[in-house]
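K.L.:
Next up, query03.cif (mmCIF, C-alpha atoms).
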data_entry
loop_
_atom_site.label_atom_id
_atom_site.label_comp_id
_atom_site.auth_asym_id
_atom_site.auth_seq_id
_atom_site.Cartn_x
_atom_site.Cartn_y
_atom_site.Cartn_z
CA MET X 140 -16.75 47.12 -37.64
CA ASP X 141 -17.90 49.53 -34.92
CA ARG X 142 -16.25 49.21 -31.54
CA LEU X 143 -18.79 47.65 -29.18
CA LYS X 144 -19.59 48.93 -25.71
CA LEU X 145 -20.59 46.00 -23.53
CA LYS X 146 -22.26 46.08 -20.13
CA ALA X 147 -20.33 43.81 -17.78
CA VAL X 148 -20.42 42.58 -14.18
CA LEU X 149 -17.36 40.90 -12.66
CA GLY X 150 -16.42 40.62 -9.01
CA SER X 151 -13.41 42.42 -7.52
CA HIS X 152 -11.00 39.56 -8.05
CA PRO X 153 -7.22 40.16 -8.29
CA HIS X 154 -7.04 38.13 -11.50
CA VAL X 155 -9.46 40.44 -13.36
CA GLU X 156 -8.10 43.70 -11.96
CA ALA X 157 -6.11 44.45 -15.14
CA VAL X 158 -9.32 44.25 -17.20
CA LYS X 159 -11.46 46.19 -14.73
CA SER X 160 -8.89 48.97 -14.39
CA GLY X 161 -8.55 49.33 -18.16
CA ALA X 162 -4.86 48.34 -18.09
CA LEU X 163 -5.80 45.49 -20.45
CA ARG X 164 -8.13 46.40 -23.31
CA SER X 165 -9.40 44.98 -26.56
CA ASP X 166 -9.33 46.58 -30.00
CA LEU X 167 -12.84 45.23 -30.65
CA PHE X 168 -14.85 46.32 -27.61
CA ASP X 169 -14.99 48.27 -24.36
CA LEU X 170 -16.33 46.78 -21.14
CA ASP X 171 -18.55 49.12 -19.16
CA PHE X 172 -18.43 47.65 -15.65
CA ILE X 173 -21.47 47.85 -13.39
CA ALA X 174 -20.83 47.29 -9.68
CA TYR X 175 -22.86 44.76 -7.70
CA THR X 176 -21.99 43.97 -4.09
CA PRO X 177 -22.12 41.10 -3.51
CA THR X 178 -21.62 39.99 -7.11
CA ASN X 179 -24.34 37.35 -6.79
CA MET X 180 -26.94 40.16 -6.77
CA ALA X 181 -26.35 40.42 -10.54
CA PHE X 182 -27.18 36.79 -11.28
CA LYS X 183 -30.97 37.15 -11.05
CA PRO X 184 -31.27 40.07 -13.52
CA MET X 185 -28.84 38.32 -15.87
CA VAL X 186 -30.85 35.09 -15.85
CA ARG X 187 -34.27 36.70 -15.93
CA GLU X 188 -33.69 39.70 -18.23
CA GLN X 189 -30.23 39.24 -19.79
CA ALA X 190 -29.54 42.62 -18.19
CA PHE X 191 -25.83 42.63 -19.14
CA ASP X 192 -23.74 41.47 -22.09
CA VAL X 193 -21.10 39.78 -19.93
CA CYS X 194 -21.64 38.56 -16.36
CA GLU X 195 -19.96 36.47 -13.73
CA MET X 196 -22.33 33.65 -12.77
CA ALA X 197 -22.52 30.78 -10.31
CA ILE X 198 -22.27 27.52 -12.20
CA VAL X 199 -25.42 25.97 -10.68
CA THR X 200 -27.38 29.09 -11.63
CA TYR X 201 -26.10 28.64 -15.18
CA LEU X 202 -27.00 24.93 -15.26
CA MET X 203 -30.52 25.72 -14.09
CA ALA X 204 -30.81 28.62 -16.54
CA LYS X 205 -29.80 26.25 -19.35
CA ALA X 206 -32.38 23.70 -18.21
CA HIS X 207 -35.06 26.40 -18.55
CA GLY X 208 -33.91 27.64 -21.96
CA LYS X 209 -32.41 30.97 -20.93
CA PRO X 210 -30.42 32.56 -23.80
CA LEU X 211 -27.01 32.53 -22.12
CA VAL X 212 -23.68 31.05 -23.21
CA LEU X 213 -20.95 29.84 -20.84
CA LEU X 214 -17.26 30.74 -21.10
CA PRO X 215 -14.76 28.30 -19.49
CA ALA X 216 -13.27 31.15 -17.43
CA THR X 217 -13.39 30.57 -13.68
CA MET X 218 -13.80 33.69 -11.57
CA LEU X 219 -14.14 31.95 -8.19
CA GLY X 220 -13.06 28.48 -7.16
CA ARG X 221 -12.62 27.27 -3.60
CA PHE X 222 -12.74 24.21 -1.41
CA GLN X 223 -16.10 24.15 0.32
CA HIS X 224 -15.55 22.35 3.62
CA SER X 225 -15.09 25.54 5.67
CA TYR X 226 -18.52 26.91 4.60
CA ALA X 227 -20.58 24.70 6.92
CA LEU X 228 -21.15 25.75 10.53
CA TYR X 229 -22.98 24.56 13.64
CA ASN X 230 -23.60 25.85 17.16
CA PRO X 231 -21.87 23.61 19.75
CA ALA X 232 -24.13 25.01 22.49
CA GLN X 233 -26.82 22.77 20.97
CA GLY X 234 -24.54 19.70 21.15
CA THR X 235 -21.72 18.34 19.02
CA LEU X 236 -22.58 17.87 15.35
CA GLY X 237 -20.59 16.31 12.54
CA PRO X 238 -21.27 15.91 8.82
CA SER X 239 -22.85 12.46 9.32
CA ASP X 240 -25.32 13.74 11.94
CA LEU X 241 -27.54 15.99 9.82
CA GLU X 242 -30.54 13.80 9.02
CA GLY X 243 -33.61 15.15 10.80
CA LYS X 244 -31.86 18.43 11.54
CA ARG X 245 -32.81 22.01 10.56
CA ILE X 246 -30.23 23.41 8.16
CA GLY X 247 -30.25 27.00 6.96
CA ILE X 248 -28.99 28.11 3.57
CA ARG X 249 -29.38 31.43 1.74
CA SER X 250 -31.12 29.73 -1.18
CA PHE X 251 -31.41 26.01 -1.86
CA THR X 252 -29.96 26.56 -5.34
CA THR X 253 -26.68 28.25 -4.37
CA THR X 254 -23.58 26.67 -5.86
CA THR X 255 -21.76 26.41 -2.54
CA GLY X 256 -24.82 24.65 -1.14
CA ALA X 257 -24.89 22.22 -4.07
CA TRP X 258 -21.19 21.39 -3.64
CA ILE X 259 -21.50 20.82 0.12
CA ARG X 260 -24.68 18.74 -0.22
CA GLY X 261 -22.90 16.67 -2.87
CA ILE X 262 -20.01 16.10 -0.47
CA LEU X 263 -22.40 15.19 2.38
CA ALA X 264 -24.39 12.77 0.22
CA ASN X 265 -21.54 11.12 -1.68
CA ASP X 266 -18.75 11.13 0.91
CA TYR X 267 -20.69 10.87 4.19
CA GLY X 268 -23.81 8.96 3.14
CA VAL X 269 -26.23 11.69 4.24
CA ALA X 270 -29.81 11.33 2.93
CA LEU X 271 -30.46 14.92 1.83
CA ASP X 272 -34.23 14.44 1.71
CA LYS X 273 -34.22 13.71 5.46
CA ILE X 274 -32.97 17.20 6.27
CA LYS X 275 -35.32 20.09 7.10
CA TRP X 276 -34.04 22.84 4.80
CA VAL X 277 -34.72 26.47 5.73
CA THR X 278 -34.06 29.14 3.07
CA PHE X 279 -33.96 32.93 3.00
CA GLU X 280 -34.04 33.94 -0.70
CA ASP X 281 -35.73 32.96 -3.96
CA PRO X 282 -33.75 31.03 -6.56
CA HIS X 283 -32.21 33.10 -9.38
CA VAL X 284 -34.14 31.00 -11.91
CA ALA X 285 -37.81 31.89 -11.41
CA GLU X 286 -39.11 28.63 -12.91
CA TYR X 287 -37.53 26.45 -10.21
CA VAL X 288 -40.16 25.30 -7.70
CA ASP X 289 -38.65 25.70 -4.24
CA THR X 290 -40.23 23.32 -1.71
CA THR X 291 -38.05 24.29 1.26
CA ALA X 292 -39.33 26.02 4.39
CA ARG X 293 -38.88 29.79 4.22
CA ALA X 294 -37.41 31.62 7.20
CA PRO X 295 -39.43 34.58 8.53
CA LYS X 296 -38.58 37.75 6.59
CA ASP X 297 -36.87 39.50 9.51
CA LYS X 298 -34.55 36.57 10.30
CA LYS X 299 -30.84 36.23 9.43
CA VAL X 300 -29.27 32.84 8.88
CA LEU X 301 -26.33 33.12 11.32
CA GLN X 302 -28.48 34.72 14.01
CA MET X 303 -30.96 31.85 13.76
CA LEU X 304 -28.05 29.44 14.24
CA LEU X 305 -26.83 31.38 17.29
CA ASP X 306 -30.37 31.47 18.69
CA GLY X 307 -30.79 27.71 18.37
CA GLU X 308 -33.47 28.00 15.67
CA LEU X 309 -31.22 26.14 13.22
CA ASP X 310 -28.90 23.18 13.85
CA ALA X 311 -26.40 24.04 11.11
CA VAL X 312 -25.92 26.36 8.15
CA LEU X 313 -24.30 25.86 4.74
CA GLY X 314 -22.65 28.48 2.56
CA GLU X 315 -21.59 30.77 5.42
CA ALA X 316 -18.30 31.63 7.10
CA SER X 317 -17.98 33.31 10.50
CA ASP X 318 -15.28 34.12 13.02
CA ASN X 319 -17.84 34.12 15.85
CA PRO X 320 -16.26 32.01 18.63
CA ARG X 321 -19.67 30.55 19.46
CA LEU X 322 -19.80 28.74 16.12
CA LYS X 323 -17.77 25.77 14.91
CA SER X 324 -17.05 24.17 11.57
CA LEU X 325 -19.23 21.16 10.78
CA PHE X 326 -16.10 19.47 9.39
CA PRO X 327 -13.71 19.26 12.38
CA ASP X 328 -10.61 20.19 10.31
CA PRO X 329 -11.90 21.77 7.09
CA ALA X 330 -8.46 22.21 5.48
CA ALA X 331 -7.49 18.59 6.11
CA GLU X 332 -10.90 17.38 4.88
CA ALA X 333 -10.54 19.47 1.73
CA ALA X 334 -7.04 18.10 1.09
CA LYS X 335 -8.28 14.51 1.46
CA TRP X 336 -11.25 15.24 -0.79
CA TYR X 337 -8.99 16.75 -3.46
CA ALA X 338 -6.59 13.80 -3.26
CA ARG X 339 -9.53 11.44 -3.85
CA ARG X 340 -11.46 13.45 -6.46
CA GLY X 341 -8.79 15.53 -8.20
CA VAL X 342 -11.39 18.27 -8.62
CA VAL X 343 -11.25 21.99 -7.85
CA PRO X 344 -14.82 23.04 -6.87
CA VAL X 345 -15.56 25.93 -9.23
CA ASN X 346 -18.24 28.36 -8.04
CA HIS X 347 -18.38 31.23 -10.56
CA LEU X 348 -17.60 31.28 -14.26
CA VAL X 349 -18.60 33.86 -16.91
CA VAL X 350 -21.59 33.98 -19.24
CA VAL X 351 -22.49 36.16 -22.21
CA THR X 352 -25.85 36.62 -23.87
CA GLU X 353 -26.71 34.23 -26.66
CA GLN X 354 -27.37 37.26 -28.85
CA LEU X 355 -23.78 38.45 -28.45
CA ALA X 356 -22.38 34.94 -28.97
CA LYS X 357 -24.33 34.48 -32.22
CA SER X 358 -23.85 37.96 -33.65
CA ARG X 359 -20.22 38.59 -32.63
CA PRO X 360 -18.42 35.31 -31.93
CA GLY X 361 -15.05 37.02 -32.40
CA VAL X 362 -15.91 39.44 -29.61
CA VAL X 363 -16.83 36.56 -27.29
CA ALA X 364 -13.50 34.87 -28.02
CA GLY X 365 -11.85 38.25 -27.37
CA ILE X 366 -13.54 38.55 -23.96
CA TYR X 367 -12.18 35.14 -23.01
CA ASP X 368 -8.68 36.00 -24.24
CA LEU X 369 -8.71 39.25 -22.27
CA LEU X 370 -9.72 37.47 -19.07
CA LYS X 371 -7.07 34.82 -19.65
CA GLN X 372 -4.37 37.48 -20.19
CA SER X 373 -5.48 39.22 -17.02
CA LYS X 374 -5.14 36.00 -15.03
CA VAL X 375 -1.59 35.51 -16.37
CA GLN X 376 -0.68 39.09 -15.47
CA ALA X 377 -1.90 38.56 -11.90
CA GLY X 378 0.93 36.09 -11.32
CA PRO X 379 1.50 32.35 -11.10
CA ALA X 380 -1.49 30.19 -10.24
CA ALA X 381 -1.78 28.38 -6.93
CA THR X 382 -1.40 24.60 -6.78
CA PRO X 383 -3.96 23.30 -7.40
CA ASP X 384 -5.14 26.11 -9.66
CA LEU X 385 -8.42 27.32 -8.17
CA LEU X 386 -9.17 29.38 -11.29
CA PRO X 387 -9.08 26.93 -14.19
CA PHE X 388 -9.42 28.38 -17.69
CA GLY X 389 -10.36 26.33 -20.75
CA ILE X 390 -12.70 23.41 -21.38
CA GLU X 391 -10.23 20.69 -20.46
CA ALA X 392 -9.09 22.39 -17.25
CA ASN X 393 -12.75 22.76 -16.20
CA ARG X 394 -13.94 19.35 -17.41
CA LYS X 395 -13.69 17.42 -14.12
CA PRO X 396 -15.25 20.16 -11.93
CA LEU X 397 -18.05 20.66 -14.45
CA GLU X 398 -18.75 16.93 -14.68
CA LEU X 399 -18.95 16.65 -10.90
CA ILE X 400 -21.16 19.70 -10.29
CA VAL X 401 -23.49 18.53 -13.08
CA ASP X 402 -23.67 15.17 -11.30
CA TYR X 403 -24.41 16.79 -7.93
CA ALA X 404 -26.99 19.19 -9.41
CA PHE X 405 -28.77 16.26 -11.09
CA GLN X 406 -28.71 14.18 -7.89
CA GLN X 407 -30.30 17.11 -6.04
CA ALA X 408 -33.04 17.58 -8.71
CA LEU X 409 -31.81 21.06 -9.60
CA ILE X 410 -31.55 20.04 -13.27
CA PRO X 411 -33.63 17.43 -15.15
CA ARG X 412 -30.74 15.44 -16.64
CA ARG X 413 -26.96 15.17 -16.69
CA TYR X 414 -25.43 17.46 -19.31
CA ALA X 415 -22.26 16.49 -21.14
CA VAL X 416 -19.58 19.17 -20.70
CA GLU X 417 -19.69 20.01 -24.43
CA GLU X 418 -23.41 20.79 -24.14
CA LEU X 419 -22.69 23.62 -21.70
CA PHE X 420 -20.96 25.66 -24.41
CA ASP X 421 -21.77 26.82 -27.95
CA GLU X 422 -19.78 26.50 -31.18
CA THR X 423 -17.64 29.51 -30.25
CA THR X 424 -16.94 28.81 -26.59
CA ARG X 425 -16.51 25.05 -27.08
CA GLY X 426 -13.14 25.68 -28.70
CA LEU X 427 -11.73 27.90 -25.94
CA ASN X 428 -8.69 26.66 -24.06
#
Spell out the structure here as structure tokens.

P.N.:
Amino acid sequence: MDRLKLKAVLGSHPHVEAVKSGALRSDLFDLDFIAYTPTNMAFKPMVREQAFDVCEMAIVTYLMAKAHGKPLVLLPATMLGRFQHSYALYNPAQGTLGPSDLEGKRIGIRSFTTTTGAWIRGILANDYGVALDKIKWVTFEDPHVAEYVDTTARAPKDKKVLQMLLDGELDAVLGEASDNPRLKSLFPDPAAEAAKWYARRGVVPVNHLVVVTEQLAKSRPGVVAGIYDLLKQSKVQAGPAATPDLLPFGIEANRKPLELIVDYAFQQALIPRRYAVEELFDETTRGLN
């Protein structure tokens, strides 16, 4: 069969460098990489237009795309996984604030549907008893999935999330990191909190995986399996995984994180029902490990 040329977007991660550089290649296809900085800028055109054949994608964006019938197929190949506790900030000039103090407060977030936001809100609700509907959410961007009805307050167009926090117009922000000495972590010791959370949950919070178009998955399932194998080889070449492995590959390795983020996304009304992990894949990708 003809060698396929596939349009692809992947972030600049060390574990995919061998694929992006061409050091690792397939006999079946070539990947034509298109640069997006930051990578999340590619998620909207992928969801709305299937603009690429292969694309890194935030898992909550994928769950919402699935809920709205978008023709995308998930691969169990994690591109970005990280503990989330250090991505919540507050301004101590406005008074001390902890994770249990957020009800009634103004919290800024790039978009309500970001995956980091969904993970942190899940942690706040399930581990700290925070009533998420008692928070005044302020957002700055539209969701990637156009059909989602966003009921949050929208920041003025000229405003930036961290500047609003510094100016006292927000009480806290989620999904941001900063080395500004005027800002503090909402979780007093984020690394220790993350370690405790992992010990309790046994879950690596996955942010980005990989999707392909349904058209490619149906017409060339062997190519889709080949994409996964190439990414897996590239991860191996990048060296031994950390402990815990923040980049799980395969259905079983991703099962617990996927179950938990599905649970959080459902709790937060981002998706209409809880999906079983097997439902997130198709007949080709369901067998990948």

K.L.:
Neighbouring residues of Ser250 of chain X were defined as those with any atom within 7 Å, considering only C-alpha atoms; residues of the same chain fewer than 5 positions away were excluded. Please report them as a PDB file with C-alpha atoms, keeping the file's coordinate frame.

P.N.:
ATOM      1  CA  THR X 278     -34.060  29.140   3.070  1.00  0.00           C
ATOM      2  CA  PHE X 279     -33.960  32.930   3.000  1.00  0.00           C
ATOM      3  CA  GLU X 280     -34.040  33.940  -0.700  1.00  0.00           C
ATOM      4  CA  ASP X 281     -35.730  32.960  -3.960  1.00  0.00           C
ATOM      5  CA  PRO X 282     -33.750  31.030  -6.560  1.00  0.00           C
TER       6      PRO X 282
END

K.L.:
Could you check how far atom CA of Leu167 of chain X sits from atom CA of Asn393 of chain X, in Å to one decimal?

P.N.:
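Separation between atom CA of Leu167 of chain X and atom CA of Asn393 of chain X: 26.7 Å.
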
K.L.:
List the residues matched by the PyMOL selection byres ((chain X and resi 330) around 12) in the displayed structure as a compact mmCIF listing (two decimals) with C-alpha atoms, keeping the file's coordinate frame, ordered by chain and then by residue number.

P.N.:
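Once written, selection-v4.txt looks like this:
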# COMPACT_ATOMS: atom_id res chain seq x y z
CA ARG X 221 -12.62 27.27 -3.60
CA PHE X 222 -12.74 24.21 -1.41
CA GLN X 223 -16.10 24.15 0.32
CA HIS X 224 -15.55 22.35 3.62
CA SER X 225 -15.09 25.54 5.67
CA TYR X 226 -18.52 26.91 4.60
CA SER X 324 -17.05 24.17 11.57
CA PHE X 326 -16.10 19.47 9.39
CA PRO X 327 -13.71 19.26 12.38
CA ASP X 328 -10.61 20.19 10.31
CA PRO X 329 -11.90 21.77 7.09
CA ALA X 331 -7.49 18.59 6.11
CA GLU X 332 -10.90 17.38 4.88
CA ALA X 333 -10.54 19.47 1.73
CA ALA X 334 -7.04 18.10 1.09
CA LYS X 335 -8.28 14.51 1.46
CA TRP X 336 -11.25 15.24 -0.79
CA TYR X 337 -8.99 16.75 -3.46

K.L.:
Mind telling me what the PyMOL selection byres ((chain X and resi 365-374) around 10) catches here, as a PyMOL selection string?

P.N.:
chain X and resi 152-159+162-170+193+214-218+349+351+359-364+375-380+386-389+424+427-428

K.L.:
Take the residues that were just selected and, keeping C-alpha atoms, output them as an mmCIF file, in the frame of the given file.

P.N.:
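result-v7.cif was written with the following content:
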data_model
loop_
_atom_site.group_PDB
_atom_site.id
_atom_site.type_symbol
_atom_site.label_atom_id
_atom_site.label_comp_id
_atom_site.auth_asym_id
_atom_site.auth_seq_id
_atom_site.Cartn_x
_atom_site.Cartn_y
_atom_site.Cartn_z
ATOM 1 C CA HIS X 152 -11.000 39.560 -8.050
ATOM 2 C CA PRO X 153 -7.220 40.160 -8.290
ATOM 3 C CA HIS X 154 -7.040 38.130 -11.500
ATOM 4 C CA VAL X 155 -9.460 40.440 -13.360
ATOM 5 C CA GLU X 156 -8.100 43.700 -11.960
ATOM 6 C CA ALA X 157 -6.110 44.450 -15.140
ATOM 7 C CA VAL X 158 -9.320 44.250 -17.200
ATOM 8 C CA LYS X 159 -11.460 46.190 -14.730
ATOM 9 C CA ALA X 162 -4.860 48.340 -18.090
ATOM 10 C CA LEU X 163 -5.800 45.490 -20.450
ATOM 11 C CA ARG X 164 -8.130 46.400 -23.310
ATOM 12 C CA SER X 165 -9.400 44.980 -26.560
ATOM 13 C CA ASP X 166 -9.330 46.580 -30.000
ATOM 14 C CA LEU X 167 -12.840 45.230 -30.650
ATOM 15 C CA PHE X 168 -14.850 46.320 -27.610
ATOM 16 C CA ASP X 169 -14.990 48.270 -24.360
ATOM 17 C CA LEU X 170 -16.330 46.780 -21.140
ATOM 18 C CA VAL X 193 -21.100 39.780 -19.930
ATOM 19 C CA LEU X 214 -17.260 30.740 -21.100
ATOM 20 C CA PRO X 215 -14.760 28.300 -19.490
ATOM 21 C CA ALA X 216 -13.270 31.150 -17.430
ATOM 22 C CA THR X 217 -13.390 30.570 -13.680
ATOM 23 C CA MET X 218 -13.800 33.690 -11.570
ATOM 24 C CA VAL X 349 -18.600 33.860 -16.910
ATOM 25 C CA VAL X 351 -22.490 36.160 -22.210
ATOM 26 C CA ARG X 359 -20.220 38.590 -32.630
ATOM 27 C CA PRO X 360 -18.420 35.310 -31.930
ATOM 28 C CA GLY X 361 -15.050 37.020 -32.400
ATOM 29 C CA VAL X 362 -15.910 39.440 -29.610
ATOM 30 C CA VAL X 363 -16.830 36.560 -27.290
ATOM 31 C CA ALA X 364 -13.500 34.870 -28.020
ATOM 32 C CA VAL X 375 -1.590 35.510 -16.370
ATOM 33 C CA GLN X 376 -0.680 39.090 -15.470
ATOM 34 C CA ALA X 377 -1.900 38.560 -11.900
ATOM 35 C CA GLY X 378 0.930 36.090 -11.320
ATOM 36 C CA PRO X 379 1.500 32.350 -11.100
ATOM 37 C CA ALA X 380 -1.490 30.190 -10.240
ATOM 38 C CA LEU X 386 -9.170 29.380 -11.290
ATOM 39 C CA PRO X 387 -9.080 26.930 -14.190
ATOM 40 C CA PHE X 388 -9.420 28.380 -17.690
ATOM 41 C CA GLY X 389 -10.360 26.330 -20.750
ATOM 42 C CA THR X 424 -16.940 28.810 -26.590
ATOM 43 C CA LEU X 427 -11.730 27.900 -25.940
ATOM 44 C CA ASN X 428 -8.690 26.660 -24.060
#

K.L.:
Which value, in Å to one decimal, gives the distance between atom CA of Ala292 of chain X and atom CA of Val277 of chain X?

P.N.:
4.8 Å

K.L.:
Taking into account all atoms listed in the file, which residue in the set X:Ala415, X:Leu145, X:Ile198, X:Ala264 is nearest to Ser239 of chain X?

P.N.:
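Under the stated criterion, the closest residue is X:Ala264.
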
K.L.:
Counting all atoms listed in the file, what is within 10 Å of Pro396 of chain X, bar same-chain residues fewer than 2 positions away, as a list of chain:residue names?

P.N.:
X:Gly220, X:Arg340, X:Gly341, X:Val342, X:Val343, X:Pro344, X:Val345, X:Asn346, X:Pro387, X:Glu391, X:Ala392, X:Asn393, X:Arg394, X:Glu398, X:Leu399, X:Ile400, X:Val401, X:Asp402, X:Val416

K.L.:
With distances taken over all atoms listed in the file, which of X:Lys299, X:Lys183, X:Lys395, X:Lys323 is nearest to Met203 of chain X?

P.N.:
X:Lys183

K.L.:
With the file shown as input, list the residues that the PyMOL selection byres ((chain X and resi 270-274) around 6) selects, as a list in words.

P.N.:
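In the shown coordinates, the PyMOL selection byres ((chain X and resi 270-274) around 6) covers Glu242, Gly243, Lys244, Val269, Lys275 and Trp276 of chain X.
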
K.L.:
What does the distance between atom CA of Phe172 of chain X and atom CA of Ala147 of chain X come to in Å, to one decimal place?

P.N.:
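Distance between the two atoms: 4.8 Å.
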
K.L.:
Between X:Glu195, X:Val312, X:Lys205, X:Arg339, which has the minimum distance to Arg260 of chain X (counting all atoms listed in the file)?

P.N.:
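Smallest distance to Arg260 of chain X is found for X:Val312.
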
K.L.:
Which one of X:Phe182, X:Tyr267, X:Tyr201, X:Phe405 sits closest to Gly237 of chain X if you count all atoms listed in the file?

P.N.:
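Checking each of X:Phe182, X:Tyr267, X:Tyr201, X:Phe405 against Gly237 of chain X, counting all atoms listed in the file, the winner is X:Tyr267.
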
K.L.:
Given only C-alpha atoms as the basis, pick out the residue of X:Arg412, X:His347, X:Lys146, X:His283 nearest to Leu213 of chain X.

P.N.:
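Looking at the shortest contact to Leu213 of chain X, the residue is X:His347.
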
K.L.:
Around the point (-27.9, 41.4, -18.8), in the coordinates given by the file, pick out the residues reaching within 9 Å, counting all atoms listed in the file, and return them as a ChimeraX atom specification.

P.N.:
/X:146-148,181-182,184-194,351-352

K.L.:
Taking all heavy atoms as the atom set, what does segment 242-249 of chain X look like once completed, written as a short mmCIF file (atom, residue, chain, number, x, y, z; two decimals), in the frame of the given file?

P.N.:
data_model
loop_
_atom_site.label_atom_id
_atom_site.label_comp_id
_atom_site.auth_asym_id
_atom_site.auth_seq_id
_atom_site.Cartn_x
_atom_site.Cartn_y
_atom_site.Cartn_z
N GLU X 242 -29.18 14.24 9.35
CA GLU X 242 -30.54 13.80 9.02
C GLU X 242 -31.49 14.14 10.16
O GLU X 242 -31.18 13.94 11.33
CB GLU X 242 -30.54 12.29 8.73
CG GLU X 242 -29.80 11.97 7.44
CD GLU X 242 -29.67 10.48 7.17
OE1 GLU X 242 -30.40 9.68 7.82
OE2 GLU X 242 -28.83 10.11 6.33
N GLY X 243 -32.63 14.73 9.81
CA GLY X 243 -33.61 15.15 10.80
C GLY X 243 -33.34 16.52 11.38
O GLY X 243 -34.14 17.03 12.17
N LYS X 244 -32.24 17.13 10.98
CA LYS X 244 -31.86 18.43 11.54
C LYS X 244 -32.38 19.58 10.66
O LYS X 244 -32.72 19.41 9.50
CB LYS X 244 -30.34 18.54 11.65
CG LYS X 244 -29.71 17.51 12.59
CD LYS X 244 -30.09 17.77 14.02
CE LYS X 244 -29.26 16.96 15.01
NZ LYS X 244 -29.58 15.54 15.05
N ARG X 245 -32.40 20.79 11.27
CA ARG X 245 -32.81 22.01 10.56
C ARG X 245 -31.56 22.72 10.06
O ARG X 245 -30.74 23.17 10.86
CB ARG X 245 -33.57 22.94 11.50
CG ARG X 245 -34.83 22.35 12.14
CD ARG X 245 -35.18 23.07 13.43
NE ARG X 245 -34.08 22.99 14.39
CZ ARG X 245 -34.02 23.69 15.52
NH1 ARG X 245 -34.99 24.52 15.84
NH2 ARG X 245 -32.99 23.56 16.34
N ILE X 246 -31.44 22.80 8.75
CA ILE X 246 -30.23 23.41 8.16
C ILE X 246 -30.62 24.64 7.35
O ILE X 246 -31.47 24.57 6.46
CB ILE X 246 -29.46 22.41 7.29
CG1 ILE X 246 -29.04 21.22 8.14
CG2 ILE X 246 -28.25 23.08 6.65
CD1 ILE X 246 -28.14 20.25 7.46
N GLY X 247 -29.98 25.75 7.66
CA GLY X 247 -30.25 27.00 6.96
C GLY X 247 -29.29 27.21 5.80
O GLY X 247 -28.11 26.85 5.89
N ILE X 248 -29.80 27.79 4.74
CA ILE X 248 -28.99 28.11 3.57
C ILE X 248 -29.65 29.28 2.85
O ILE X 248 -30.88 29.37 2.81
CB ILE X 248 -28.84 26.88 2.64
CG1 ILE X 248 -27.88 27.16 1.50
CG2 ILE X 248 -30.19 26.37 2.15
CD1 ILE X 248 -27.45 25.90 0.75
N ARG X 249 -28.83 30.20 2.33
CA ARG X 249 -29.38 31.43 1.74
C ARG X 249 -30.47 31.10 0.71
O ARG X 249 -31.56 31.62 0.76
CB ARG X 249 -28.24 32.24 1.10
CG ARG X 249 -28.68 33.53 0.45
CD ARG X 249 -27.49 34.41 0.13
NE ARG X 249 -26.48 33.76 -0.69
CZ ARG X 249 -26.54 33.66 -2.02
NH1 ARG X 249 -27.57 34.14 -2.68
NH2 ARG X 249 -25.57 33.07 -2.69
#
